[in-house]
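J.: Sharing input-v4.csv, CSV, C-alpha atoms:
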chain,number,residue,atom,x,y,z
A,299,MET,CA,107.5,84.5,102.1
A,300,GLU,CA,107.5,86.3,105.5
A,301,VAL,CA,111.3,86.0,105.8
A,302,MET,CA,111.7,87.2,102.2
A,303,ASN,CA,109.4,90.1,102.7
A,304,THR,CA,111.2,91.1,105.9
A,305,VAL,CA,114.6,91.1,104.2
A,306,LEU,CA,113.3,93.0,101.2
A,307,SER,CA,111.8,95.6,103.5
A,308,ALA,CA,115.1,96.0,105.3
A,309,MET,CA,117.1,96.2,102.0
A,310,SER,CA,114.8,98.9,100.6
A,311,LEU,CA,114.8,101.2,103.7
A,312,ASP,CA,115.3,104.9,102.8
A,313,TYR,CA,118.7,104.9,104.4
A,314,PRO,CA,122.2,105.5,103.1
A,315,ALA,CA,123.2,102.3,101.3
A,316,GLU,CA,126.8,102.4,102.5
A,317,LYS,CA,125.6,102.3,106.1
A,318,LEU,CA,123.1,99.5,105.7
A,319,HIS,CA,124.1,95.9,106.0
A,320,VAL,CA,121.6,93.0,106.0
A,321,CYS,CA,122.9,90.0,107.9
A,322,LEU,CA,121.2,86.7,107.3
A,323,SER,CA,122.1,83.9,109.7
A,324,ASP,CA,121.4,80.3,108.8
A,325,ASP,CA,120.3,79.1,112.2
A,326,GLY,CA,119.3,75.6,111.1
A,327,GLY,CA,116.8,76.9,108.5
A,328,ALA,CA,115.3,74.8,105.8
A,329,ALA,CA,117.0,74.6,102.4
A,330,ILE,CA,113.9,76.0,100.7
A,331,THR,CA,114.3,79.2,102.9
A,332,LEU,CA,117.8,79.6,101.5
A,333,HIS,CA,116.5,79.2,98.0
A,334,GLY,CA,113.8,81.7,98.7
A,335,MET,CA,116.4,84.3,99.9
A,336,ARG,CA,118.3,83.8,96.7
A,337,GLU,CA,115.2,84.5,94.7
A,338,ALA,CA,114.4,87.5,96.9
A,339,TRP,CA,117.9,88.8,96.1
A,340,LYS,CA,117.1,88.6,92.4
A,341,PHE,CA,113.8,90.4,92.9
A,342,ALA,CA,115.5,93.1,94.9
A,343,ARG,CA,117.2,94.3,91.7
A,344,TRP,CA,113.7,95.3,90.5
A,345,TRP,CA,112.1,96.3,93.8
A,346,LEU,CA,114.7,98.6,95.3
A,347,PRO,CA,115.0,100.9,92.2
A,348,PHE,CA,111.2,101.0,91.9
A,349,CYS,CA,110.8,102.1,95.5
A,350,SER,CA,113.5,104.8,95.1
A,351,ARG,CA,112.3,106.1,91.7
A,352,TYR,CA,108.7,106.6,92.8
A,353,GLY,CA,109.2,107.3,96.5
A,354,ILE,CA,107.2,104.2,97.6
A,355,LYS,CA,106.5,104.4,101.3
A,356,THR,CA,105.3,100.9,101.8
A,357,ARG,CA,108.6,99.0,101.3
A,358,CYS,CA,107.2,95.5,102.1
A,359,PRO,CA,106.2,94.0,98.7
A,360,ASN,CA,103.4,91.9,100.2
A,361,ALA,CA,101.9,94.9,102.0
A,362,TYR,CA,102.3,97.1,99.0
A,363,PHE,CA,100.5,94.9,96.6
A,364,SER,CA,97.7,94.0,99.0
A,365,GLY,CA,97.3,97.3,100.9
A,366,GLY,CA,94.9,99.2,98.7
A,367,GLU,CA,95.3,101.9,96.0
A,368,ASP,CA,96.5,104.9,98.1
A,369,GLU,CA,100.1,105.0,96.7
A,370,TYR,CA,99.0,103.7,93.3
A,371,ASN,CA,96.7,106.8,92.8
A,372,HIS,CA,99.6,109.2,93.5
A,373,HIS,CA,101.3,108.0,90.3
A,374,LYS,CA,99.2,107.8,87.2
A,375,SER,CA,101.9,108.2,84.6
A,376,THR,CA,102.1,105.5,81.8
A,377,GLN,CA,105.7,104.7,82.8
A,378,PHE,CA,104.7,104.1,86.5
A,379,ILE,CA,101.8,101.9,85.5
A,380,ALA,CA,104.1,99.8,83.2
A,381,ASP,CA,106.8,99.5,85.9
A,382,ARG,CA,104.3,98.6,88.6
A,383,GLU,CA,102.8,95.8,86.4
A,384,LYS,CA,106.3,94.5,85.7
A,385,ILE,CA,107.2,94.6,89.4
A,386,GLN,CA,104.0,92.8,90.4
A,387,GLU,CA,104.6,90.1,87.7
A,388,GLU,CA,108.1,89.6,89.1
A,389,TYR,CA,106.7,89.4,92.7
A,390,GLU,CA,104.1,86.8,91.7
A,391,ASN,CA,107.0,84.7,90.2
A,392,LEU,CA,108.9,85.1,93.4
A,393,LYS,CA,105.9,83.7,95.3
A,394,GLN,CA,105.9,80.5,93.3
A,395,VAL,CA,107.5,77.7,95.4
A,396,ARG,CA,109.0,74.8,93.6
A,397,ASP,CA,109.2,71.1,94.6
A,398,PHE,CA,111.6,70.6,97.6
A,399,LYS,CA,113.7,68.0,95.8
A,400,GLU,CA,114.1,70.3,92.8
A,401,VAL,CA,115.1,73.1,95.2
A,402,LYS,CA,117.6,70.9,96.9
A,403,ASN,CA,119.2,69.8,93.7
A,404,SER,CA,119.4,73.3,92.4
A,405,PHE,CA,121.9,74.6,94.9
A,406,GLY,CA,123.2,71.6,96.9
A,407,LEU,CA,125.0,72.6,100.1
A,408,ASP,CA,126.3,76.0,99.1
A,409,TYR,CA,125.3,78.1,102.1
A,410,GLN,CA,126.6,81.6,101.5
A,411,LEU,CA,125.8,84.3,104.1
A,412,PRO,CA,126.5,87.7,102.4
A,413,ARG,CA,127.0,90.5,104.9
A,414,SER,CA,125.2,92.8,102.6
A,415,MET,CA,122.8,91.6,99.9
A,416,ARG,CA,123.3,94.9,98.2
A,417,LYS,CA,126.9,93.9,97.2
A,418,GLY,CA,127.8,91.8,94.2
A,419,ALA,CA,129.7,88.5,93.9
A,420,ASP,CA,132.9,90.4,93.1
A,421,ASP,CA,133.3,91.1,96.8
A,422,TYR,CA,132.7,87.5,97.8
A,423,PRO,CA,136.1,86.8,99.4
A,424,SER,CA,135.9,89.6,101.8
A,425,LEU,CA,132.2,88.9,102.5
A,426,LEU,CA,133.2,85.3,103.3
A,427,GLU,CA,135.8,86.4,105.8
A,428,ASP,CA,133.3,88.7,107.5
A,429,THR,CA,130.8,85.9,107.6
A,430,LYS,CA,133.3,83.6,109.3
A,431,VAL,CA,133.9,86.2,112.0
A,432,LEU,CA,130.2,86.7,112.4
A,433,ALA,CA,129.5,83.0,112.6
A,434,SER,CA,132.2,82.4,115.2
A,435,CYS,CA,130.3,84.4,117.8
A,436,LYS,CA,133.6,86.0,118.9
A,437,HIS,CA,133.1,89.3,117.2
A,438,GLU,CA,131.5,90.7,120.4
A,439,ASP,CA,134.3,89.6,122.7
A,440,ASP,CA,135.7,92.4,124.9
A,441,SER,CA,133.0,94.7,123.6
A,442,LYS,CA,130.0,96.4,125.4
A,443,TRP,CA,127.4,94.6,123.3
A,444,GLY,CA,124.8,92.9,125.5
A,445,ASP,CA,125.9,94.8,128.6
A,446,LYS,CA,126.1,98.5,127.8
A,447,VAL,CA,125.1,98.6,124.1
A,448,GLY,CA,122.2,97.1,122.3
A,449,PHE,CA,119.8,94.6,123.7
A,450,MET,CA,120.8,93.1,127.0
A,451,TYR,CA,121.9,89.4,127.0
A,452,ASN,CA,121.5,86.5,129.4
A,453,THR,CA,117.7,86.7,129.4
A,454,VAL,CA,114.9,85.5,127.1
A,455,VAL,CA,113.0,88.8,127.7
A,456,GLU,CA,115.8,91.1,126.3
A,457,ASP,CA,113.3,93.8,125.4
A,458,PHE,CA,112.0,94.0,129.0
A,459,LEU,CA,115.4,94.1,130.6
A,460,THR,CA,116.7,96.6,128.0
A,461,GLY,CA,113.7,98.9,128.6
A,462,LEU,CA,114.2,98.7,132.4
A,463,LYS,CA,117.8,99.6,132.2
A,464,LEU,CA,117.2,102.4,129.7
A,465,HIS,CA,114.5,103.9,131.9
A,466,CYS,CA,116.8,103.7,134.9
A,467,LYS,CA,119.3,105.7,132.9
A,468,GLY,CA,116.8,108.5,132.4
A,469,TRP,CA,115.4,107.6,129.0
A,470,LYS,CA,111.7,108.6,128.5
A,471,SER,CA,109.1,106.7,126.6
A,472,VAL,CA,106.5,108.3,124.3
A,473,TYR,CA,103.3,106.8,122.8
A,474,LEU,CA,103.4,106.9,119.0
A,475,SER,CA,100.5,105.8,116.9
A,476,PRO,CA,101.0,106.8,113.3
A,477,ALA,CA,98.3,106.5,110.7
A,478,ARG,CA,100.5,104.1,108.7
A,479,PRO,CA,101.4,100.9,110.6
A,480,GLN,CA,105.1,100.7,111.2
A,481,VAL,CA,105.5,97.0,112.0
A,482,LEU,CA,104.1,93.9,110.4
A,483,ALA,CA,104.3,91.0,112.8
A,484,THR,CA,102.8,87.6,113.4
A,485,SER,CA,101.5,85.9,116.5
A,486,PRO,CA,100.8,82.3,117.6
A,487,THR,CA,97.8,80.8,115.8
A,488,ASN,CA,97.2,77.7,118.0
A,489,LEU,CA,97.1,76.9,121.7
A,490,ASN,CA,100.3,74.9,121.8
A,491,ASP,CA,102.4,77.7,120.3
A,492,LEU,CA,100.7,80.2,122.6
A,493,LEU,CA,101.4,78.2,125.7
A,494,ILE,CA,105.1,77.7,124.7
A,495,GLN,CA,105.4,81.5,124.0
A,496,ASN,CA,103.8,82.5,127.3
A,497,THR,CA,105.8,79.9,129.3
A,498,ARG,CA,109.0,81.4,127.8
A,499,TRP,CA,107.9,85.0,128.6
A,500,SER,CA,106.7,84.1,132.1
A,501,SER,CA,110.0,82.3,133.1
A,502,GLY,CA,112.1,85.1,131.6
A,503,LEU,CA,110.2,87.9,133.4
A,504,LEU,CA,110.3,86.0,136.7
A,505,GLY,CA,114.1,85.5,136.1
A,506,VAL,CA,114.6,89.2,135.9
A,507,GLY,CA,112.3,89.8,138.9
A,508,ILE,CA,114.5,87.6,141.2
A,509,SER,CA,117.8,88.8,139.8
A,510,LYS,CA,119.8,91.9,140.8
A,511,TYR,CA,117.6,93.8,138.4
A,512,CYS,CA,114.5,93.3,140.4
A,513,PRO,CA,112.3,96.3,139.7
A,514,LEU,CA,111.4,96.8,143.4
A,515,ILE,CA,115.1,96.9,144.4
A,516,TYR,CA,117.0,98.2,141.3
A,517,GLY,CA,114.4,100.6,140.1
A,518,PRO,CA,113.2,103.0,142.9
A,519,SER,CA,116.6,104.8,143.3
A,520,ARG,CA,116.9,105.2,139.5
A,521,MET,CA,113.3,106.0,138.3
A,522,SER,CA,110.0,106.9,139.8
A,523,PHE,CA,108.4,104.5,142.3
A,524,HIS,CA,105.3,104.3,140.2
A,525,GLN,CA,107.3,103.2,137.2
A,526,SER,CA,109.1,100.6,139.3
A,527,LEU,CA,105.8,99.2,140.3
A,528,CYS,CA,104.7,98.9,136.7
A,529,TYR,CA,107.9,96.9,135.9
A,530,ALA,CA,107.4,94.8,139.0
A,531,GLU,CA,103.8,94.0,137.9
A,532,CYS,CA,105.1,92.7,134.6
A,533,ALA,CA,107.9,90.7,136.2
A,534,PHE,CA,105.8,89.0,138.9
A,535,PHE,CA,102.5,88.7,137.0
A,536,SER,CA,103.0,85.1,136.2
A,537,SER,CA,103.8,84.3,139.8
A,538,PHE,CA,100.6,86.0,140.9
A,539,LEU,CA,98.5,84.0,138.4
A,540,LEU,CA,100.2,80.8,139.6
A,541,LEU,CA,99.3,81.6,143.2
A,542,VAL,CA,95.7,82.4,142.2
A,543,SER,CA,95.5,79.1,140.3
A,544,VAL,CA,96.8,77.1,143.3
A,545,LEU,CA,94.3,78.8,145.7
A,546,PHE,CA,91.4,78.3,143.3
A,547,CYS,CA,92.2,74.6,142.7
A,548,ASN,CA,92.4,74.0,146.5
A,549,HIS,CA,89.4,76.0,147.4
A,550,PRO,CA,86.7,73.8,149.1
A,551,SER,CA,84.1,74.8,146.6
A,552,THR,CA,86.2,73.5,143.7
A,553,VAL,CA,87.3,70.3,145.3
A,554,SER,CA,84.9,67.4,144.4
A,555,THR,CA,83.7,65.2,147.3
If you convert what's in this file into structure tokens, what do you get?
T.:
Amino acid sequence: MEVMNTVLSAMSLDYPAEKLHVCLSDDGGAAITLHGMREAWKFARWWLPFCSRYGIKTRCPNAYFSGGEDEYNHHKSTQFIADREKIQEEYENLKQVRDFKEVKNSFGLDYQLPRSMRKGADDYPSLLEDTKVLASCKHEDDSKWGDKVGFMYNTVVEDFLTGLKLHCKGWKSVYLSPARPQVLATSPTNLNDLLIQNTRWSSGLLGVGISKYCPLIYGPSRMSFHQSLCYAECAFFSSFLLLVSVLFCNHPSTVST
């Protein structure tokens, strides 16, 4: 449901439809996820017009139906109440997950990846060609993506490296804490996933720290020394913890006799 809610939220953004394209990549996902996306596409025919008609601000269906009555109280017309009940009924139907074998038999191996889920099946041939180009991973060849534009590539901490390069180019950061949460995210819920995530982050940050983008070398001539130290602290924090752990484990008071 999280994937479906994310896609529905993106599709219902208050943004010009002709400039919005939702790309869904099947990166080894389960068949039931594909089925869920098809069901979400059907639900979007109800959800998108509802959000536009009543100016709904919470565009994530799950957050809207479980986030209290604030927006509900702004619309008390009989038509709105009827539409809301119908939308909620459709959403509850969307949440129902059928047996995996039944799901598999219902669509077989038909893996369509529409460039924009707002478009209909009449545009399928052109969408298929666009999808082939996207799946080939060659659409960025000879472009500035990953180097000058967008998130930086060749690192598992693309947000860290991108932020570093943007600040070095003169960009400024501001602290924004709106009353309405802007992002709905998840985090590891068990120790194994937490260790895997932190190992990935630590290795990625250290990789940037010992590269040509080392904050202590690349940063001072391009941004303030204090900001360079902040980036360096993030990049080498895992190494510092490793050093402390080694010293602690080898301290005489911790070694059993």
J.: My list of candidates is A:Met309, A:Gly505, A:Asn496, A:Gln525. Which is closest to Leu346 in chain A when distances are computed with only C-alpha atoms?
T.: A:Met309
J.: Figure out the distance between CA of Val542 in chain A and CA of Pro518 in chain A, please, to one decimal in Å.
T.: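 Separating CA of Pro518 in chain A from CA of Val542 in chain A is a distance of 27.0 Å.
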J.: Which is closer to Met299 in chain A than all the others in A:Lys442, A:His465, A:Lys340, A:Lys393, using all atoms listed in the file?
T.: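 Checking each of A:Lys442, A:His465, A:Lys340, A:Lys393 against Met299 in chain A, counting all atoms listed in the file, the winner is A:Lys393.
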J.: Each side padded by 8 Å, which centre and which edge lengths in Å (one decimal) define the axis-aligned box around the listed atoms of range 330-346 of chain A? Give them as JSON.
T.:
{"center_x": 115.2, "center_y": 87.3, "center_z": 96.7, "size_x": 22.2, "size_y": 38.6, "size_z": 28.4}
J.: So how many Å separate CA of Cys532 in chain A and CA of Asn488 in chain A, to one decimal?
T.: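 Rounded to one decimal, the two atoms are 23.7 Å apart.
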J.: Expressed in Å to a single decimal, how great is the separation between CA of Tyr362 in chain A and CA of Lys374 in chain A?
T.: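 These atoms are spaced 16.2 Å apart.
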J.: Identify which of the residues A:Asp312, A:Gly334, A:Asn548, A:Phe363 lies closest to Arg351 in chain A, counting all atoms listed in the file when measuring atom-to-atom distances.
T.: A:Asp312
J.: Could you pull out every residue with an atom within 12 Å of (104.9, 97.8, 137.7), file coordinates, counting all atoms listed in the file, and send them as a PyMOL selection string?
T.: chain A and resi 458+462+507+512-514+517-518+521-535
J.: Please produce a file of the residues just selected, as an mmCIF file, in the coordinates of the input, where the atoms kept are C-alpha atoms.
T.:
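Dumped everything to out.cif:
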data_model
loop_
_atom_site.group_PDB
_atom_site.id
_atom_site.type_symbol
_atom_site.label_atom_id
_atom_site.label_comp_id
_atom_site.auth_asym_id
_atom_site.auth_seq_id
_atom_site.Cartn_x
_atom_site.Cartn_y
_atom_site.Cartn_z
ATOM 1 C CA PHE A 458 112.000 94.000 129.000
ATOM 2 C CA LEU A 462 114.200 98.700 132.400
ATOM 3 C CA GLY A 507 112.300 89.800 138.900
ATOM 4 C CA CYS A 512 114.500 93.300 140.400
ATOM 5 C CA PRO A 513 112.300 96.300 139.700
ATOM 6 C CA LEU A 514 111.400 96.800 143.400
ATOM 7 C CA GLY A 517 114.400 100.600 140.100
ATOM 8 C CA PRO A 518 113.200 103.000 142.900
ATOM 9 C CA MET A 521 113.300 106.000 138.300
ATOM 10 C CA SER A 522 110.000 106.900 139.800
ATOM 11 C CA PHE A 523 108.400 104.500 142.300
ATOM 12 C CA HIS A 524 105.300 104.300 140.200
ATOM 13 C CA GLN A 525 107.300 103.200 137.200
ATOM 14 C CA SER A 526 109.100 100.600 139.300
ATOM 15 C CA LEU A 527 105.800 99.200 140.300
ATOM 16 C CA CYS A 528 104.700 98.900 136.700
ATOM 17 C CA TYR A 529 107.900 96.900 135.900
ATOM 18 C CA ALA A 530 107.400 94.800 139.000
ATOM 19 C CA GLU A 531 103.800 94.000 137.900
ATOM 20 C CA CYS A 532 105.100 92.700 134.600
ATOM 21 C CA ALA A 533 107.900 90.700 136.200
ATOM 22 C CA PHE A 534 105.800 89.000 138.900
ATOM 23 C CA PHE A 535 102.500 88.700 137.000
#
J.: In terms of the shortest atom-to-atom distance over all atoms listed in the file, which of A:Thr487, A:Ser441, A:Ser509, A:Ser471 is closest to Leu459 in chain A?
T.: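 Answer, going by the shortest atom-to-atom distance: A:Ser509.
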J.: I'd like the neighbourhood of Val455 in chain A as a list in words, where a residue qualifies if any of its atoms comes within 12 Å (using all atoms listed in the file), though same-chain residues fewer than 5 positions away should be ignored.
T.: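 My list of contacting residues is Phe449, Met450, Thr460, Gly461, Leu462, Gln495, Asn496, Thr497, Arg498, Trp499, Ser500, Ser501, Gly502, Leu503, Leu504, Gly505, Val506, Gly507, Cys532 and Ala533 of chain A.
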